[in-house]
Amino acid sequence: MQKNDIVKVKIEDIGVNGEGIGKVEGYPLFVKDTIIGDVAEVKVMKAKKNYGYAKLMKILEASKDRVQARCEFARNCGGCQIQEMSYEKQLEFKEKKVKGNLERIGGFDREFIESIMEPIVGMENPFAYRNKAQFPFGISKDGEIITGFYAGRTHSIIANTDCALGKSVNQEILELILKFWKEFHLSVYDENTGKGLLRHVLIRYGFKTDEIMVCFVINGVKIPHTKELVSQLSQLKGMTSITFSTNQKNTNVIMGDSYQVIWGQSYITDFIGDIKYQISPLSFFQVNPIQTEKLYRQALEYADLKGSEIVWDLYCGIGTISLFLAQRAKRVYGVEIIPQAIEDARENAKINQIDNAEFYVGKAEEVLPAYYERYAKEHSGEKATADVIVVDPPRKGCEESLLRTITEMEPKRVVYVSCDSATLARDLKYLCENGYRLEKVRAVDQFPMTVHVETVCLLSRK
Ligand code: SAH
C-alpha cells in the first residue's frame, strides 16, 4: 500500500480516536468519518509498515447503521466522533469494546463475560446532555468575531453557537455576547500575538436547578462596559452567576487561577441524587449529570451497604461517590490527589450534613499502603481491614502497589469504576489472580456521540 493509492474497503471496527477501521488484504486502514458496516472508496494519505491512514472519498455502500448527523459540523468538530452512527449501534459498539478488552487483556473467557455482563446503560435522549462547555473566541477569515469549537486536533475555530451536546440556552448566551462584543468594539484574544481580551466563555448549567453560570476568561483584569453587559445577561431566565477569570499566560490551559464575581453568586447549585453541590467556575463536576447519577447508583448497588461498613473511595475527586455511599455506610474515607477537589469534597459533605466521610489529599497508591502499614504498627501487628473499597481512577488505571494493598486489606467487595476498559481489564486480571472473583460488569454511556465509555464492576472475595 502506498500514499495516494485509491482502494475500496469495508469498515469493521472503530478505533480509539473514532476513526473507522477496515482491512485491505490484511493491511488495516484508519478512515475518519466512516462507521462500522460502510463500504467506502478511500485514498491512502499515510502508509506505515503495519497500518495506514486514509481519507474518505466516497461511501459506496452505506452501513445500515448510518444516520444523518444532527449537527452540520459533526465531521470537522473535535467534539463528536460517531454522530453518524445510530445510537443503538453506538451502544452495541461500546459494550463490545468493553467485552473485547476483558477478553483480550483481562484473559477472561467469552462465555464467562457474557454470563456476568449486564446490559449497557444508555440515554433516553443522547443529545443536550452536557452541563458545561468552554467556547473559544477568535476572528474568522473575513475578520468577524466568532465562537464555537476547535476543529479536531487544531486550534482553528468552527463558528457554531448551537452544539447538539449542550443546552440550547448556550446559543442565546453566546449570540448575546457576540453582539455585545461587536457593538462595543471589544477585542478577542489571538494566540499568535498574545493580544486581545476575550479568550473563552465558560457556561455551566444546573440540570436539576436550571441555574446558569457564565464565566468570561480574559487576557486582562476588567471587561469594559461591564454594567451594560451584566444588565443584558442577567435578564436571561436562570442566570445565577456571572464572573470573570484572568488568564494572561500563553498556554492551552483555559481557566486562570482565580475568578471574580461581577454579578450574582460565585457558584451555581446542582444535585446528583439527593446530594447537593455548589459548583464554582473552577470546580470539577461531572459533565453528564444524568448518566453520572445512574453510574453512581449502580456503584452503590454493587457496594450493597447495610449501614455498618467501613468504605474507602479512592480517586474520590469532589467526593461524589463518597457522599453517595456515606448515606448508607458507617464511615467513608476518600482519597484524592488534587487539594482543591478535597476542599470541595469537605465543603460538599458539610452542606449536606454528612459527618461520617473523611477526606485525605494524596496519591491513592501512597495513602492507602501508608495507612495499612501505620495501622499494623499502632495495633501490635493487627491488619487494617475494610468492608468495601471503591476505585474510580483516571485512564491509566491503578498502580499495582495499590492493588496489592487492596487485596491485603481483604475487603468483601471491590467496586471498580473505570473510564478506560483496557486498563480496567489489566487491573481486574490482577485482582482475580489475587483472591477476587469478578461478579458483575456494566457499561454506562456517559458520552453519547463520542467513543468514550464508562464501566462499573463488582468483585467479591473468594
Ligand atoms: N469519583 C470522582 C471522579 C474520579 S476521576 C468524582 O466523583 O468526582 C479520577 C480522579 O482521580 C480525579 O479527580 C484525579 O484528580 C484523581 N487522581 C489522579 N491520579 C490520582 C492518584 N494517583 N491518587 C489519587 N487520586 C488521583
# chains A, B, ... in the order shown; residues from 1 in each chain; ligands from 1

$ residues_near_ligand --ligand "ligand 1" --cutoff "7 Å" --atoms "only C-alpha atoms and all ligand atoms" --output "VMD selection string"
chain A and resid 285 to 286 314 to 321 335 to 338 341 362 to 365 392 to 394

$ write_last_selection --atoms "N, CA, C and O atoms" --output "PDB file, in the first residue's frame"
ATOM      1  N   PHE A 285     -16.752  19.095  38.054  1.00  0.00           N
ATOM      2  CA  PHE A 285     -18.064  18.478  38.253  1.00  0.00           C
ATOM      3  C   PHE A 285     -18.325  17.588  37.037  1.00  0.00           C
ATOM      4  O   PHE A 285     -17.974  17.954  35.916  1.00  0.00           O
ATOM      5  N   GLN A 286     -18.927  16.426  37.260  1.00  0.00           N
ATOM      6  CA  GLN A 286     -19.187  15.521  36.140  1.00  0.00           C
ATOM      7  C   GLN A 286     -20.008  16.240  35.082  1.00  0.00           C
ATOM      8  O   GLN A 286     -20.974  16.921  35.411  1.00  0.00           O
ATOM      9  N   LEU A 314     -11.381   5.537  46.603  1.00  0.00           N
ATOM     10  CA  LEU A 314     -10.084   6.005  46.118  1.00  0.00           C
ATOM     11  C   LEU A 314     -10.248   6.739  44.792  1.00  0.00           C
ATOM     12  O   LEU A 314     -11.055   6.323  43.972  1.00  0.00           O
ATOM     13  N   TYR A 315      -9.470   7.816  44.604  1.00  0.00           N
ATOM     14  CA  TYR A 315      -9.616   8.728  43.459  1.00  0.00           C
ATOM     15  C   TYR A 315     -10.994   9.388  43.576  1.00  0.00           C
ATOM     16  O   TYR A 315     -11.798   9.363  42.653  1.00  0.00           O
ATOM     17  N   CYS A 316     -11.260   9.995  44.728  1.00  0.00           N
ATOM     18  CA  CYS A 316     -12.637  10.409  45.034  1.00  0.00           C
ATOM     19  C   CYS A 316     -13.044  11.739  44.427  1.00  0.00           C
ATOM     20  O   CYS A 316     -14.223  12.113  44.494  1.00  0.00           O
ATOM     21  N   GLY A 317     -12.102  12.498  43.809  1.00  0.00           N
ATOM     22  CA  GLY A 317     -12.486  13.786  43.220  1.00  0.00           C
ATOM     23  C   GLY A 317     -13.146  14.681  44.260  1.00  0.00           C
ATOM     24  O   GLY A 317     -12.659  14.840  45.376  1.00  0.00           O
ATOM     25  N   ILE A 318     -14.305  15.250  43.899  1.00  0.00           N
ATOM     26  CA  ILE A 318     -15.014  16.142  44.816  1.00  0.00           C
ATOM     27  C   ILE A 318     -15.935  15.353  45.748  1.00  0.00           C
ATOM     28  O   ILE A 318     -16.824  15.916  46.379  1.00  0.00           O
ATOM     29  N   GLY A 319     -15.736  14.028  45.792  1.00  0.00           N
ATOM     30  CA  GLY A 319     -16.448  13.220  46.777  1.00  0.00           C
ATOM     31  C   GLY A 319     -17.832  12.750  46.357  1.00  0.00           C
ATOM     32  O   GLY A 319     -18.635  12.325  47.190  1.00  0.00           O
ATOM     33  N   THR A 320     -18.110  12.804  45.064  1.00  0.00           N
ATOM     34  CA  THR A 320     -19.452  12.428  44.601  1.00  0.00           C
ATOM     35  C   THR A 320     -19.833  11.017  45.052  1.00  0.00           C
ATOM     36  O   THR A 320     -20.900  10.797  45.628  1.00  0.00           O
ATOM     37  N   ILE A 321     -18.940  10.059  44.788  1.00  0.00           N
ATOM     38  CA  ILE A 321     -19.251   8.672  45.163  1.00  0.00           C
ATOM     39  C   ILE A 321     -19.211   8.535  46.688  1.00  0.00           C
ATOM     40  O   ILE A 321     -20.097   7.912  47.283  1.00  0.00           O
ATOM     41  N   VAL A 335      -9.929   9.447  49.106  1.00  0.00           N
ATOM     42  CA  VAL A 335      -8.541   9.840  48.821  1.00  0.00           C
ATOM     43  C   VAL A 335      -8.465  10.425  47.414  1.00  0.00           C
ATOM     44  O   VAL A 335      -8.990   9.823  46.465  1.00  0.00           O
ATOM     45  N   GLU A 336      -7.812  11.564  47.297  1.00  0.00           N
ATOM     46  CA  GLU A 336      -7.741  12.265  46.007  1.00  0.00           C
ATOM     47  C   GLU A 336      -6.466  13.101  45.959  1.00  0.00           C
ATOM     48  O   GLU A 336      -6.065  13.685  46.959  1.00  0.00           O
ATOM     49  N   ILE A 337      -5.877  13.189  44.762  1.00  0.00           N
ATOM     50  CA  ILE A 337      -4.576  13.842  44.622  1.00  0.00           C
ATOM     51  C   ILE A 337      -4.665  15.376  44.568  1.00  0.00           C
ATOM     52  O   ILE A 337      -3.722  16.071  44.932  1.00  0.00           O
ATOM     53  N   ILE A 338      -5.798  15.913  44.109  1.00  0.00           N
ATOM     54  CA  ILE A 338      -5.903  17.376  43.946  1.00  0.00           C
ATOM     55  C   ILE A 338      -6.485  18.039  45.200  1.00  0.00           C
ATOM     56  O   ILE A 338      -7.636  17.789  45.565  1.00  0.00           O
ATOM     57  N   ALA A 341      -9.919  19.744  45.014  1.00  0.00           N
ATOM     58  CA  ALA A 341     -11.050  18.808  44.929  1.00  0.00           C
ATOM     59  C   ALA A 341     -11.428  18.314  46.325  1.00  0.00           C
ATOM     60  O   ALA A 341     -12.609  18.178  46.651  1.00  0.00           O
ATOM     61  N   GLY A 362      -3.733  13.124  48.580  1.00  0.00           N
ATOM     62  CA  GLY A 362      -2.532  12.347  48.298  1.00  0.00           C
ATOM     63  C   GLY A 362      -2.793  11.347  47.195  1.00  0.00           C
ATOM     64  O   GLY A 362      -3.909  11.230  46.697  1.00  0.00           O
ATOM     65  N   LYS A 363      -1.712  10.633  46.826  1.00  0.00           N
ATOM     66  CA  LYS A 363      -1.865   9.595  45.809  1.00  0.00           C
ATOM     67  C   LYS A 363      -2.461   8.360  46.457  1.00  0.00           C
ATOM     68  O   LYS A 363      -1.976   7.921  47.515  1.00  0.00           O
ATOM     69  N   ALA A 364      -3.445   7.794  45.836  1.00  0.00           N
ATOM     70  CA  ALA A 364      -4.088   6.602  46.383  1.00  0.00           C
ATOM     71  C   ALA A 364      -3.042   5.517  46.660  1.00  0.00           C
ATOM     72  O   ALA A 364      -3.073   4.855  47.694  1.00  0.00           O
ATOM     73  N   GLU A 365      -2.071   5.383  45.716  1.00  0.00           N
ATOM     74  CA  GLU A 365      -1.069   4.309  45.842  1.00  0.00           C
ATOM     75  C   GLU A 365      -0.052   4.609  46.942  1.00  0.00           C
ATOM     76  O   GLU A 365       0.787   3.780  47.252  1.00  0.00           O
ATOM     77  N   ASP A 392     -12.034   4.708  41.355  1.00  0.00           N
ATOM     78  CA  ASP A 392     -12.509   5.389  40.134  1.00  0.00           C
ATOM     79  C   ASP A 392     -11.334   6.149  39.536  1.00  0.00           C
ATOM     80  O   ASP A 392     -11.303   7.386  39.527  1.00  0.00           O
ATOM     81  N   PRO A 393     -10.306   5.392  39.050  1.00  0.00           N
ATOM     82  CA  PRO A 393      -9.049   6.039  38.636  1.00  0.00           C
ATOM     83  C   PRO A 393      -9.154   6.741  37.284  1.00  0.00           C
ATOM     84  O   PRO A 393     -10.100   6.494  36.540  1.00  0.00           O
ATOM     85  N   PRO A 394      -8.176   7.618  36.978  1.00  0.00           N
ATOM     86  CA  PRO A 394      -8.114   8.180  35.624  1.00  0.00           C
ATOM     87  C   PRO A 394      -7.745   7.090  34.617  1.00  0.00           C
ATOM     88  O   PRO A 394      -7.590   5.925  34.990  1.00  0.00           O
TER      89      PRO A 394
END

$ select_by_dssp --residues "range 32-86 of chain A" --states "strand (DSSP E or B)" --output "ChimeraX atom specification"
/A:39-47,52-61,66,77,85

$ select_by_dssp --residues "range 310-368 of chain A" --states "helix (DSSP H, G or I)" --output "number ranges by chain"
A: 320-326, 339-351, 364-368

$ closest_residue --among "A:Tyr27, A:Phe73, A:Tyr51, A:Trp263" --to "Ser234 in chain A" --atoms "only C-alpha atoms"
A:Trp263

$ residues_around --residues "Gln446 in chain A" --least-positions-apart "4" --cutoff "9 Å" --atoms "only C-alpha atoms" --output "MDAnalysis selection string"
chainID A and resid 121:123 129 287:292 295 452:454

$ closest_atom_pairs --of "range 81-154 of chain A" --to "range 17-21 of chain A" --cutoff "12 Å" --atoms "only C-alpha atoms" --output "CSV"
residue,atom,partner,partner_atom,distance
A:Gln81,CA,A:Gly18,CA,5.2
A:Ile82,CA,A:Gly18,CA,6.5
A:Gln83,CA,A:Gly18,CA,10.2
A:Glu84,CA,A:Gly18,CA,11.1
A:Met85,CA,A:Gly18,CA,10.9
A:Gln90,CA,A:Gly18,CA,11.1
A:Phe93,CA,A:Gly18,CA,11.2
A:Lys94,CA,A:Gly18,CA,11.4
A:Gly152,CA,A:Asn17,CA,10.4
A:Arg153,CA,A:Asn17,CA,10.9

$ residues_around --residues "Val39 in chain A" --least-positions-apart "2" --cutoff "7 Å" --atoms "only C-alpha atoms" --output "JSON, numbers by chain"
{"A": [9, 10, 11, 37, 59, 60, 61, 62]}

$ atom_distance --atom1 "CA of Glu343 in chain A" --atom2 "CA of Tyr259 in chain A"
16.9 Å

$ closest_residue --among "A:Phe271, A:Phe180, A:Trp312, A:Tyr150" --to "Lys227 in chain A" --atoms "only C-alpha atoms"
A:Phe180

$ closest_residue --among "A:Met1, A:Ile406, A:Val417, A:Leu174" --to "Glu25 in chain A" --atoms "only C-alpha atoms"
A:Met1

$ residues_around --residues "Thr240 in chain A" --least-positions-apart "4" --cutoff "12 Å" --atoms "only C-alpha atoms" --output "list in words"
Ile203, Arg204, Tyr205, Gly206, Thr209, Asp210, Glu211, Ile212, Met213, Val214, Cys215, Val230, Leu233, Ser234, Gln235, Leu236, Val261, Ile262, Trp263, Gly264, Gln265, Ser266, Tyr267, Ile268, Thr269, Ile279 and Ser280 of chain A

$ closest_residue --among "A:Tyr302, A:Tyr87, A:Tyr189, A:Phe135" --to "Ile173 in chain A" --atoms "only C-alpha atoms"
A:Phe135

$ closest_residue --among "A:Lys237, A:Lys208, A:His225, A:Lys32" --to "Lys276 in chain A" --atoms "only C-alpha atoms"
A:Lys208
